[in-house]
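What follows is one structure encoded as structure tokens, with my remarks underneath.
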Amino acid sequence: MTDTPQAGTPPAGPETTGHEWDGIAEYNNPLPRWWLITLYATIAWAFAYWIAYPAWPLLTGYTGGLLGYSQREAVLSEVEAVRRDRDARGQAQLASASLDAIRADPALLRLALATGKAAFGDNCAGCHGGSATGATGYPNLQDDDWLWGGTPEAIERTIRTGVRSGHGEAHLGDMPAFGRDGLLTRAQIQAVAGYVLSLSGRPGTPAATLDAGREVFAGTCAGCHGETGTGNPEMGAPNLADAISLYGASPEQVAATIAHGRKGVMPAWEGRLDPATIKSLAVYVHGLGGGR
């Protein structure tokens, strides 16, 4: 007797699970040992992680874990370490120095410009652009046209308190909606828009329209923008006699501004950024080329 199959006997087929679909059988092959070891290791790791770290929610909190780890505490610790490092590199001096003193000290100025550039990219570039050239509704910080003043002190205050931000010292100047509120007729709005465009040397407005617009401007707009339209930084009234326009300079855009008013908002950064960073931002923005 022998177990050797006789010639012509087909070999035994592979073991199957007994399941078959449309003549296709399912093999019952064992999983690779390395795969099983990896699976069991990950299961063991998951249980160990649940025990060691915060993992399971409770009615009023969560399990703290044996290690007592807290992401919040870790982040706060890292922030504090960065703050100490910055203080060691002169940030404390920036916080205590005046803007004039910072600009007069080459070492402090370099530090302020470096700090301000980094802070601008993180906090301001989203609105004003990475190169600070602005967009429609967001001022260009590289020109010399400032709604609230372009001195370092004025820039620092604007950054610190914002515009219509809810801060107690925020800039609050508003432009009325002359059309929406029924203060001017459509014809008056069209006339004064043409006159405003003429202040910056833009041609094309008929003389009769200019005369009508000049009259409306003197009685309605000059109180904020000045008789010659050069603006008033104390009120946030822009200069209308230059070629810079925050919301566009076409006749339609100017008319829309007059009809509906403008109430742009800038957040207050006091409380979000430390005093040294706010001063650094003021020095950096002033140094972009548009500060006075």
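Chain identifiers are assigned as A, B, and so on, following the order in which chains appear in the structure tokens; residues are numbered from 1 within each chain, and ligands are numbered from 1 in order of appearance.
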
**OP:** Excluding region 116-121 of chain A and residues on its chain fewer than 6 positions from it, collect all residues at most 12 Å away from it, counting only C-alpha atoms, and give them as a PyMOL selection string.
**Re:** chain A and resi 91+94+108-110+127-132+141+156+159+269+272-288

Create the file for the chosen residues now, containing N, CA, C and O atoms and written as a short mmCIF file (atom, residue, chain, number, x, y, z; two decimals), in the first residue's frame.
data_model
loop_
_atom_site.label_atom_id
_atom_site.label_comp_id
_atom_site.auth_asym_id
_atom_site.auth_seq_id
_atom_site.Cartn_x
_atom_site.Cartn_y
_atom_site.Cartn_z
N GLN A 91 11.90 91.43 22.52
CA GLN A 91 10.49 91.79 22.42
C GLN A 91 10.04 92.63 23.61
O GLN A 91 9.18 93.51 23.46
N LEU A 94 10.81 96.09 22.78
CA LEU A 94 9.85 96.64 21.82
C LEU A 94 8.57 97.08 22.53
O LEU A 94 8.01 98.13 22.23
N LEU A 108 16.66 97.65 17.31
CA LEU A 108 15.24 97.49 17.57
C LEU A 108 14.43 97.60 16.28
O LEU A 108 13.43 96.90 16.09
N LEU A 109 14.86 98.47 15.38
CA LEU A 109 14.14 98.64 14.12
C LEU A 109 14.18 97.35 13.30
O LEU A 109 13.17 96.92 12.73
N ARG A 110 15.36 96.73 13.23
CA ARG A 110 15.47 95.47 12.49
C ARG A 110 14.56 94.41 13.10
O ARG A 110 13.88 93.65 12.38
N CYS A 127 -6.56 90.06 4.02
CA CYS A 127 -7.37 91.16 3.49
C CYS A 127 -6.55 92.10 2.61
O CYS A 127 -7.00 92.47 1.51
N HIS A 128 -5.38 92.48 3.08
CA HIS A 128 -4.58 93.49 2.38
C HIS A 128 -3.65 92.89 1.32
O HIS A 128 -3.01 93.64 0.58
N GLY A 129 -3.57 91.56 1.25
CA GLY A 129 -2.69 90.93 0.29
C GLY A 129 -1.29 90.75 0.84
O GLY A 129 -0.83 91.52 1.70
N GLY A 130 -0.59 89.76 0.33
CA GLY A 130 0.76 89.47 0.80
C GLY A 130 1.72 90.62 0.57
O GLY A 130 2.67 90.82 1.34
N SER A 131 1.51 91.40 -0.48
CA SER A 131 2.36 92.56 -0.76
C SER A 131 1.75 93.85 -0.26
O SER A 131 2.26 94.93 -0.56
N ALA A 132 0.64 93.77 0.48
CA ALA A 132 -0.03 94.92 1.11
C ALA A 132 -0.59 95.90 0.10
O ALA A 132 -0.79 97.07 0.42
N LEU A 141 -1.77 99.57 1.37
CA LEU A 141 -0.93 100.13 2.44
C LEU A 141 0.42 100.60 1.91
O LEU A 141 1.26 101.04 2.70
N GLU A 156 -0.56 102.70 14.40
CA GLU A 156 -0.59 101.84 15.59
C GLU A 156 -1.97 101.86 16.23
O GLU A 156 -2.49 100.81 16.63
N ILE A 159 -4.45 99.81 14.09
CA ILE A 159 -4.24 98.37 14.27
C ILE A 159 -4.77 97.93 15.63
O ILE A 159 -5.43 96.90 15.76
N TRP A 269 -7.00 94.56 17.05
CA TRP A 269 -6.01 93.52 17.35
C TRP A 269 -5.51 93.58 18.79
O TRP A 269 -4.75 92.72 19.21
N ARG A 272 -5.62 90.39 20.95
CA ARG A 272 -5.27 89.25 20.10
C ARG A 272 -3.76 89.19 19.88
O ARG A 272 -3.18 88.10 19.82
N LEU A 273 -3.16 90.35 19.73
CA LEU A 273 -1.72 90.45 19.56
C LEU A 273 -1.14 91.22 20.74
O LEU A 273 -1.78 92.14 21.27
N ASP A 274 0.06 90.88 21.14
CA ASP A 274 0.69 91.58 22.27
C ASP A 274 1.17 92.95 21.82
O ASP A 274 1.31 93.23 20.62
N PRO A 275 1.41 93.87 22.78
CA PRO A 275 1.81 95.24 22.42
C PRO A 275 3.05 95.31 21.55
O PRO A 275 3.13 96.16 20.64
N ALA A 276 4.03 94.43 21.78
CA ALA A 276 5.25 94.46 20.96
C ALA A 276 4.93 94.14 19.51
O ALA A 276 5.48 94.76 18.59
N THR A 277 4.05 93.18 19.28
CA THR A 277 3.69 92.82 17.91
C THR A 277 2.90 93.93 17.24
O THR A 277 3.10 94.22 16.05
N ILE A 278 2.00 94.58 17.96
CA ILE A 278 1.22 95.68 17.38
C ILE A 278 2.15 96.83 17.00
O ILE A 278 2.03 97.42 15.91
N LYS A 279 3.10 97.16 17.87
CA LYS A 279 4.06 98.20 17.52
C LYS A 279 4.91 97.80 16.32
O LYS A 279 5.19 98.62 15.43
N SER A 280 5.31 96.55 16.29
CA SER A 280 6.11 96.07 15.17
C SER A 280 5.32 96.15 13.86
O SER A 280 5.86 96.52 12.81
N LEU A 281 4.04 95.81 13.91
CA LEU A 281 3.20 95.92 12.74
C LEU A 281 3.09 97.38 12.27
O LEU A 281 3.14 97.67 11.07
N ALA A 282 2.93 98.31 13.22
CA ALA A 282 2.85 99.72 12.86
C ALA A 282 4.13 100.19 12.18
O ALA A 282 4.09 100.91 11.17
N VAL A 283 5.26 99.79 12.71
CA VAL A 283 6.55 100.17 12.12
C VAL A 283 6.70 99.54 10.75
O VAL A 283 7.15 100.19 9.79
N TYR A 284 6.32 98.28 10.63
CA TYR A 284 6.44 97.57 9.34
C TYR A 284 5.53 98.19 8.29
O TYR A 284 5.98 98.47 7.16
N VAL A 285 4.28 98.44 8.62
CA VAL A 285 3.33 99.04 7.65
C VAL A 285 3.80 100.43 7.26
O VAL A 285 3.75 100.81 6.08
N HIS A 286 4.24 101.21 8.24
CA HIS A 286 4.75 102.55 7.94
C HIS A 286 5.93 102.48 7.00
O HIS A 286 6.10 103.36 6.13
N GLY A 287 6.76 101.46 7.14
CA GLY A 287 7.95 101.34 6.32
C GLY A 287 7.72 100.76 4.93
O GLY A 287 8.65 100.67 4.15
N LEU A 288 6.47 100.37 4.63
CA LEU A 288 6.18 99.82 3.32
C LEU A 288 6.32 100.86 2.21
O LEU A 288 6.40 100.51 1.03
#

Subject >> Near-region 185-188 of chain A list (9 Å; only C-alpha atoms; drop same-chain fewer than 2 positions) as a PyMOL selection string >> reply: chain A and resi 178-179+182-183+190-193+212-213+216+259

Subject >> Proximity to Pro139 (chain A) - best of A:Asn232, A:Gly168, A:Gly61, A:Cys124, only C-alpha atoms >> reply: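 Selected residue with least distance to Pro139 (chain A): A:Cys124.
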
Original post:
What is the CA of Trp45 (chain A) to CA of Gly68 (chain A) distance in Å?
Top reply: 17.7 Å

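The closest residue to Phe217 (chain A), picked from A:Pro251, A:Pro152, A:Gly64, A:Gly229 and counting only C-alpha atoms, is A:Gly229.
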
**OP:** Give the strand (DSSP E or B) residues of region 14-243 of chain A, as assigned by DSSP on the backbone, as an MDAnalysis selection string.
**Re:** chainID A and resid 16:21 24:27 57 62 135 138 163 171 232 237

**OP:** For each of A:Leu113, A:Ile102, A:Ile258, A:Ala52, take the minimum atom-to-atom distance to Met175 (chain A), counting only C-alpha atoms, then give the residue where this is smallest.
**Re:** A:Ile258
